[in-house]
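Q: This one is input_23.cif, mmCIF, C-alpha atoms.
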```cif
data_data
#
loop_
_atom_site.group_PDB
_atom_site.id
_atom_site.type_symbol
_atom_site.label_atom_id
_atom_site.label_comp_id
_atom_site.auth_asym_id
_atom_site.auth_seq_id
_atom_site.Cartn_x
_atom_site.Cartn_y
_atom_site.Cartn_z
ATOM 1 C CA ASP A 405 0.000 0.000 0.000
ATOM 2 C CA ILE A 406 1.076 3.586 -0.649
ATOM 3 C CA THR A 407 -0.286 6.140 1.796
ATOM 4 C CA ASP A 408 1.140 9.195 0.020
ATOM 5 C CA LEU A 409 1.363 8.892 -3.742
ATOM 6 C CA SER A 410 3.001 12.339 -3.949
ATOM 7 C CA GLN A 411 6.310 10.575 -3.262
ATOM 8 C CA TYR A 412 6.067 9.377 -6.874
ATOM 9 C CA GLY A 413 6.446 11.143 -10.183
ATOM 10 C CA LEU A 414 6.975 10.602 -13.889
ATOM 11 C CA GLU A 415 9.373 11.896 -16.515
ATOM 12 C CA SER A 416 9.005 11.454 -20.265
ATOM 13 C CA VAL A 417 12.141 11.430 -22.393
ATOM 14 C CA SER A 418 11.552 12.376 -26.019
ATOM 15 C CA ASN A 419 13.386 10.876 -28.971
ATOM 16 C CA GLY A 420 16.385 9.555 -27.052
ATOM 17 C CA GLY A 421 17.252 12.952 -25.624
ATOM 18 C CA GLY A 422 18.410 11.468 -22.317
ATOM 19 C CA SER A 423 16.877 11.907 -18.901
ATOM 20 C CA ASN A 424 17.324 15.251 -17.218
ATOM 21 C CA GLY A 425 16.806 13.544 -13.865
ATOM 22 C CA ALA A 426 13.761 15.647 -13.036
ATOM 23 C CA VAL A 427 10.168 14.681 -12.374
ATOM 24 C CA GLU A 428 7.732 16.317 -14.828
ATOM 25 C CA TYR A 429 4.556 15.120 -13.134
ATOM 26 C CA THR A 430 4.132 14.540 -9.407
ATOM 27 C CA PHE A 431 1.114 12.566 -8.274
ATOM 28 C CA PRO A 432 -1.235 14.119 -5.713
ATOM 29 C CA ALA A 433 -1.116 12.979 -2.078
ATOM 30 C CA ASP A 434 -3.629 10.160 -2.643
ATOM 31 C CA ALA A 435 -3.533 6.745 -1.006
ATOM 32 C CA ILE A 436 -3.639 3.567 -3.095
ATOM 33 C CA SER A 437 -3.712 -0.113 -2.212
ATOM 34 C CA ASP A 438 -1.359 -2.864 -3.266
ATOM 35 C CA GLY A 439 -2.522 -4.160 -6.656
ATOM 36 C CA ASP A 440 -4.208 -0.936 -7.762
ATOM 37 C CA CYS A 441 -3.249 0.531 -11.097
ATOM 38 C CA ILE A 442 -3.167 4.187 -12.036
ATOM 39 C CA TRP A 443 -4.134 5.735 -15.352
ATOM 40 C CA VAL A 444 -2.498 9.056 -16.301
ATOM 41 C CA THR A 445 -3.598 10.809 -19.484
ATOM 42 C CA THR A 446 -3.086 14.115 -21.255
ATOM 43 C CA ASP A 447 -6.759 14.189 -22.286
ATOM 44 C CA LEU A 448 -9.475 13.027 -19.868
ATOM 45 C CA ALA A 449 -12.322 13.291 -22.379
ATOM 46 C CA GLY A 450 -10.390 11.488 -25.103
ATOM 47 C CA PHE A 451 -9.301 8.767 -22.686
ATOM 48 C CA ASN A 452 -12.879 8.199 -21.539
ATOM 49 C CA ALA A 453 -14.162 8.143 -25.120
ATOM 50 C CA TYR A 454 -11.567 5.523 -26.052
ATOM 51 C CA PHE A 455 -11.661 3.267 -22.971
ATOM 52 C CA GLY A 456 -15.139 3.991 -21.627
ATOM 53 C CA PHE A 457 -13.979 4.890 -18.124
ATOM 54 C CA ASP A 458 -12.168 7.787 -16.504
ATOM 55 C CA ALA A 459 -8.422 7.996 -16.064
ATOM 56 C CA CYS A 460 -7.231 8.631 -12.526
ATOM 57 C CA TYR A 461 -5.120 11.687 -13.352
ATOM 58 C CA GLU A 462 -4.618 14.203 -16.141
ATOM 59 C CA ASP A 463 -1.343 15.928 -16.969
ATOM 60 C CA GLY A 464 -0.580 18.152 -19.925
ATOM 61 C CA VAL A 465 3.200 18.104 -19.486
ATOM 62 C CA LEU A 466 4.102 14.480 -20.167
ATOM 63 C CA THR A 467 4.262 13.803 -23.866
ATOM 64 C CA VAL A 468 5.220 10.576 -25.588
ATOM 65 C CA ASN A 469 4.750 9.638 -29.210
ATOM 66 C CA GLY A 470 5.561 5.962 -29.364
ATOM 67 C CA ASP A 471 9.325 6.004 -29.417
ATOM 68 C CA ASP A 472 9.905 7.722 -26.077
ATOM 69 C CA ALA A 473 10.996 6.486 -22.679
ATOM 70 C CA VAL A 474 9.089 6.976 -19.413
ATOM 71 C CA LEU A 475 10.721 6.972 -15.985
ATOM 72 C CA LEU A 476 8.991 6.429 -12.629
ATOM 73 C CA TYR A 477 10.516 8.163 -9.607
ATOM 74 C CA CYS A 478 10.067 7.617 -5.885
ATOM 75 C CA ASP A 479 11.464 10.271 -3.550
ATOM 76 C CA GLY A 480 13.553 11.632 -6.434
ATOM 77 C CA ASN A 481 15.118 8.290 -7.394
ATOM 78 C CA VAL A 482 14.368 6.361 -10.599
ATOM 79 C CA ILE A 483 12.702 3.080 -9.665
ATOM 80 C CA ASP A 484 11.270 1.935 -13.006
ATOM 81 C CA VAL A 485 12.105 2.658 -16.642
ATOM 82 C CA PHE A 486 10.264 1.912 -19.846
ATOM 83 C CA GLY A 487 12.377 2.393 -22.955
ATOM 84 C CA ASP A 488 15.929 3.579 -23.384
ATOM 85 C CA PRO A 489 16.140 7.271 -22.437
ATOM 86 C CA ASP A 490 19.306 7.664 -24.503
ATOM 87 C CA ASN A 491 17.953 6.177 -27.738
ATOM 88 C CA ASP A 492 15.015 6.994 -29.979
ATOM 89 C CA GLY A 493 12.799 3.896 -29.956
ATOM 90 C CA THR A 494 11.883 4.047 -33.647
ATOM 91 C CA GLY A 495 12.486 0.631 -35.189
ATOM 92 C CA THR A 496 13.167 -1.063 -31.840
ATOM 93 C CA ALA A 497 11.235 -3.923 -30.260
ATOM 94 C CA TRP A 498 9.782 -1.420 -27.773
ATOM 95 C CA GLU A 499 8.402 1.050 -30.329
ATOM 96 C CA TYR A 500 4.706 1.624 -29.608
ATOM 97 C CA GLN A 501 3.673 4.532 -31.882
ATOM 98 C CA ASP A 502 -0.124 4.430 -32.206
ATOM 99 C CA GLY A 503 -0.033 1.368 -29.973
ATOM 100 C CA TRP A 504 0.702 0.381 -26.406
ATOM 101 C CA ALA A 505 3.148 -1.306 -24.040
ATOM 102 C CA THR A 506 2.393 -2.964 -20.726
ATOM 103 C CA SER A 507 4.497 -4.557 -18.023
ATOM 104 C CA SER A 508 4.665 -8.346 -18.242
ATOM 105 C CA ASP A 509 5.875 -8.865 -14.687
ATOM 106 C CA ASN A 510 4.571 -5.799 -12.771
ATOM 107 C CA VAL A 511 7.953 -5.450 -11.078
ATOM 108 C CA ALA A 512 9.761 -2.107 -11.027
ATOM 109 C CA ASN A 513 13.233 -2.143 -12.572
ATOM 110 C CA PRO A 514 15.447 0.977 -12.702
ATOM 111 C CA THR A 515 17.216 -0.515 -15.731
ATOM 112 C CA PHE A 516 15.100 -1.043 -18.851
ATOM 113 C CA ASP A 517 14.795 -4.691 -19.866
ATOM 114 C CA GLU A 518 12.634 -5.024 -22.974
ATOM 115 C CA SER A 519 11.821 -8.669 -22.108
ATOM 116 C CA GLU A 520 9.826 -7.429 -19.070
ATOM 117 C CA TRP A 521 7.260 -5.714 -21.318
ATOM 118 C CA THR A 522 4.594 -6.710 -23.838
ATOM 119 C CA TYR A 523 4.136 -4.542 -26.931
ATOM 120 C CA SER A 524 1.441 -4.039 -29.531
ATOM 121 C CA GLY A 525 3.949 -2.968 -32.137
ATOM 122 C CA PRO A 526 3.618 0.283 -34.077
ATOM 123 C CA ASN A 527 0.296 1.347 -35.612
ATOM 124 C CA ALA A 528 -1.731 -1.293 -33.719
ATOM 125 C CA LEU A 529 -4.463 1.210 -32.868
ATOM 126 C CA ASP A 530 -4.651 2.994 -36.228
ATOM 127 C CA GLY A 531 -8.254 3.630 -37.198
ATOM 128 C CA ALA A 532 -9.653 2.517 -33.829
ATOM 129 C CA THR A 533 -12.134 4.807 -32.095
ATOM 130 C CA SER A 534 -12.266 2.673 -28.951
ATOM 131 C CA ASN A 535 -10.253 -0.073 -27.330
ATOM 132 C CA ALA A 536 -13.102 -2.470 -28.105
ATOM 133 C CA ASP A 537 -12.748 -1.976 -31.866
ATOM 134 C CA ALA A 538 -8.937 -1.923 -31.982
ATOM 135 C CA GLY A 539 -7.263 -4.666 -33.992
ATOM 136 C CA THR A 540 -4.722 -5.159 -31.220
ATOM 137 C CA ALA A 541 -6.599 -3.793 -28.209
ATOM 138 C CA TYR A 542 -4.864 -2.861 -24.981
ATOM 139 C CA PRO A 543 -5.081 -6.252 -23.243
ATOM 140 C CA ASN A 544 -5.829 -5.581 -19.607
ATOM 141 C CA GLU A 545 -7.521 -2.233 -19.207
ATOM 142 C CA ASN A 546 -9.432 -3.306 -16.093
ATOM 143 C CA VAL A 547 -7.154 -5.947 -14.601
ATOM 144 C CA ASN A 548 -6.184 -5.075 -11.019
ATOM 145 C CA CYS A 549 -7.458 -1.530 -11.408
ATOM 146 C CA GLY A 550 -8.765 -0.502 -8.041
ATOM 147 C CA GLU A 551 -10.223 2.876 -7.312
ATOM 148 C CA VAL A 552 -7.829 5.578 -6.186
ATOM 149 C CA GLU A 553 -8.972 7.106 -2.910
ATOM 150 C CA CYS A 554 -10.553 10.438 -3.717
ATOM 151 C CA THR A 555 -9.272 13.432 -1.790
ATOM 152 C CA ILE A 556 -10.659 16.321 -3.871
ATOM 153 C CA LEU A 557 -14.387 17.054 -3.741
ATOM 154 C CA GLY A 558 -16.060 19.496 -6.123
ATOM 155 C CA CYS A 559 -18.195 19.900 -9.199
ATOM 156 C CA THR A 560 -17.340 17.185 -11.730
ATOM 157 C CA ASP A 561 -19.792 18.319 -14.451
ATOM 158 C CA ALA A 562 -17.658 19.825 -17.251
ATOM 159 C CA ASN A 563 -20.674 21.834 -18.424
ATOM 160 C CA ALA A 564 -21.121 23.622 -15.087
ATOM 161 C CA CYS A 565 -19.722 27.127 -14.584
ATOM 162 C CA ASN A 566 -17.912 25.998 -11.424
ATOM 163 C CA TYR A 567 -16.451 22.784 -12.882
ATOM 164 C CA ASN A 568 -13.376 21.605 -10.974
ATOM 165 C CA ALA A 569 -11.061 19.534 -13.218
ATOM 166 C CA ASP A 570 -9.135 18.366 -10.140
ATOM 167 C CA ALA A 571 -12.216 17.017 -8.351
ATOM 168 C CA CYS A 572 -12.531 13.245 -8.334
ATOM 169 C CA GLU A 573 -15.847 13.089 -6.457
ATOM 170 C CA ASP A 574 -18.882 15.256 -7.077
ATOM 171 C CA ASP A 575 -20.046 17.219 -4.027
ATOM 172 C CA ASN A 576 -23.361 18.352 -5.578
ATOM 173 C CA SER A 577 -22.157 21.953 -5.835
ATOM 174 C CA CYS A 578 -22.460 22.249 -9.624
ATOM 175 C CA ALA A 579 -24.027 25.504 -10.782
ATOM 176 C CA THR A 580 -25.110 27.220 -13.975
ATOM 177 C CA ASN A 581 -24.855 30.843 -15.027
ATOM 178 C CA ASP A 582 -27.858 33.069 -14.506
ATOM 179 C CA CYS A 583 -29.174 35.385 -17.230
ATOM 180 C CA GLU A 584 -26.487 37.960 -16.380
ATOM 181 C CA GLY A 585 -23.682 35.393 -16.616
ATOM 182 C CA THR A 586 -23.104 35.074 -12.876
ATOM 183 C CA CYS A 587 -22.127 31.545 -11.857
ATOM 184 C CA GLY A 588 -24.717 30.142 -9.466
ATOM 185 C CA GLY A 589 -26.718 33.398 -9.576
#
```
Just dump the structure as structure tokens.
A:
Amino acid sequence: DITDLSQYGLESVSNGGGSNGAVEYTFPADAISDGDCIWVTTDLAGFNAYFGFDACYEDGVLTVNGDDAVLLYCDGNVIDVFGDPDNDGTGTAWEYQDGWATSSDNVANPTFDESEWTYSGPNALDGATSNADAGTAYPNENVNCGEVECTILGCTDANACNYNADACEDDNSCATNDCEGTCGG
């Protein structure tokens, strides 16, 4: 179990540019249980449209395009690596452009070992509008995915004038604009 997920963070390394040793995304101070998985996306609406459920977290900083490495940090130290941060993944066994990669052993390794991962190969999701209609669908979207404990309450209706993108549980505070444009008026 992890009582404070904010000890963890992610770094994306584009096109073999090498790690700068700095976390780009730090998780919020949520608690998770052993066996839970976490979904991080750059586009909550797009993720939901594709998978049919909500991602746990959204971040607009991390960017990967299928030949990039991703590093997982704990307390500032790299504890897991996908891909080779010093090499562009194009043409490698771990290239996943328009596809996916998933851990085969669910064991963190600070040194990338491509045999510990399963890959779709490039272009596996081309033309797919959902995971269900993908030729090579992401294989285990719901396996061991527990719910992350919610710590931020607020309005979760994106159409409301007081929508809170950070809220993970609706607190029934959603409001609409009145005729003069005042939120909740």
Q: Written as a ChimeraX atom specification, which residues does the PyMOL selection byres ((chain A and resi 511) around 12) give for the file shown?
A: /A:439,483-486,506-510,512-517,520-521
Q: Keeping only C-alpha atoms, write the selected residues as a CSV table (one decimal), in the frame of the given file.
A:
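Wrote again24.csv, looks like this:
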```csv
chain,number,residue,atom,x,y,z
A,439,GLY,CA,-2.5,-4.2,-6.7
A,483,ILE,CA,12.7,3.1,-9.7
A,484,ASP,CA,11.3,1.9,-13.0
A,485,VAL,CA,12.1,2.7,-16.6
A,486,PHE,CA,10.3,1.9,-19.8
A,506,THR,CA,2.4,-3.0,-20.7
A,507,SER,CA,4.5,-4.6,-18.0
A,508,SER,CA,4.7,-8.3,-18.2
A,509,ASP,CA,5.9,-8.9,-14.7
A,510,ASN,CA,4.6,-5.8,-12.8
A,512,ALA,CA,9.8,-2.1,-11.0
A,513,ASN,CA,13.2,-2.1,-12.6
A,514,PRO,CA,15.4,1.0,-12.7
A,515,THR,CA,17.2,-0.5,-15.7
A,516,PHE,CA,15.1,-1.0,-18.9
A,517,ASP,CA,14.8,-4.7,-19.9
A,520,GLU,CA,9.8,-7.4,-19.1
A,521,TRP,CA,7.3,-5.7,-21.3
```
Q: So the first atom is CA of Gly456 (chain A) and the second is CA of Gly503 (chain A); what is the distance between them in Å, to one decimal place?
A: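 According to the coordinates, CA of Gly456 (chain A) and CA of Gly503 (chain A) are separated by 17.5 Å.
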Q: Expanded to explicit residues, what is the PyMOL selection byres ((chain A and resi 525-533) around 12) for this file, as a PyMOL selection string?
A: chain A and resi 450-456+469-471+493-506+521-524+534-542
Q: Pull out every residue that the PyMOL selection byres ((chain A and resi 569) around 12) matches in the shown coordinates and put them as a list of chain:residue names.
A: A:Asp447, A:Leu448, A:Ala449, A:Cys460, A:Tyr461, A:Glu462, A:Asp463, A:Ile556, A:Leu557, A:Gly558, A:Cys559, A:Thr560, A:Asp561, A:Ala562, A:Asn563, A:Ala564, A:Cys565, A:Asn566, A:Tyr567, A:Asn568, A:Asp570, A:Ala571, A:Cys572, A:Glu573, A:Asp574
Q: Could you work out an axis-aligned bounding box for all listed atoms of region 435-442 of chain A, with 5 Å added on each of the six sides, and give its centre and edge lengths in Å to one decimal, as JSON?
A:
```
{"center_x": -2.8, "center_y": 1.3, "center_z": -6.5, "size_x": 12.8, "size_y": 20.9, "size_z": 21.0}
```
Q: Record the distance separating CA of Gly425 (chain A) and CA of Asn481 (chain A), expressed in Å with one decimal.
A: 8.5 Å
Q: What does the distance from CA of Thr430 (chain A) to CA of Ser577 (chain A) come to in Å, to one decimal?
A: 27.5 Å
Q: With distances taken over all atoms listed in the file, which residue among A:Ile436, A:Val427, A:Ile442, A:Ala459 lies nearest Leu476 (chain A)?
A: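 Between A:Ile436, A:Val427, A:Ile442, A:Ala459, the residue approaching Leu476 (chain A) most closely is A:Val427.
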Q: For a cutoff of 8 Å around the file-coordinate point (13.7, 10.5, -26.5), which residues qualify once you count all atoms listed in the file? I'd like the result as a PyMOL selection string.
A: chain A and resi 416-422+471-473+488-493
Q: Quick one: residues within 6 Å of Gly588 (chain A), only C-alpha atoms, excluding same-chain residues fewer than 2 positions away - as a list in words?
A: Ala579, Thr580 and Asn581 of chain A
Q: Quick one: of A:Ile406, A:Leu466, A:Cys583, A:Ala426, who's nearest to Cys441 (chain A), counting only C-alpha atoms?
A: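 Looking only at the distances to Cys441 (chain A), the closest residue turns out to be A:Ile406.
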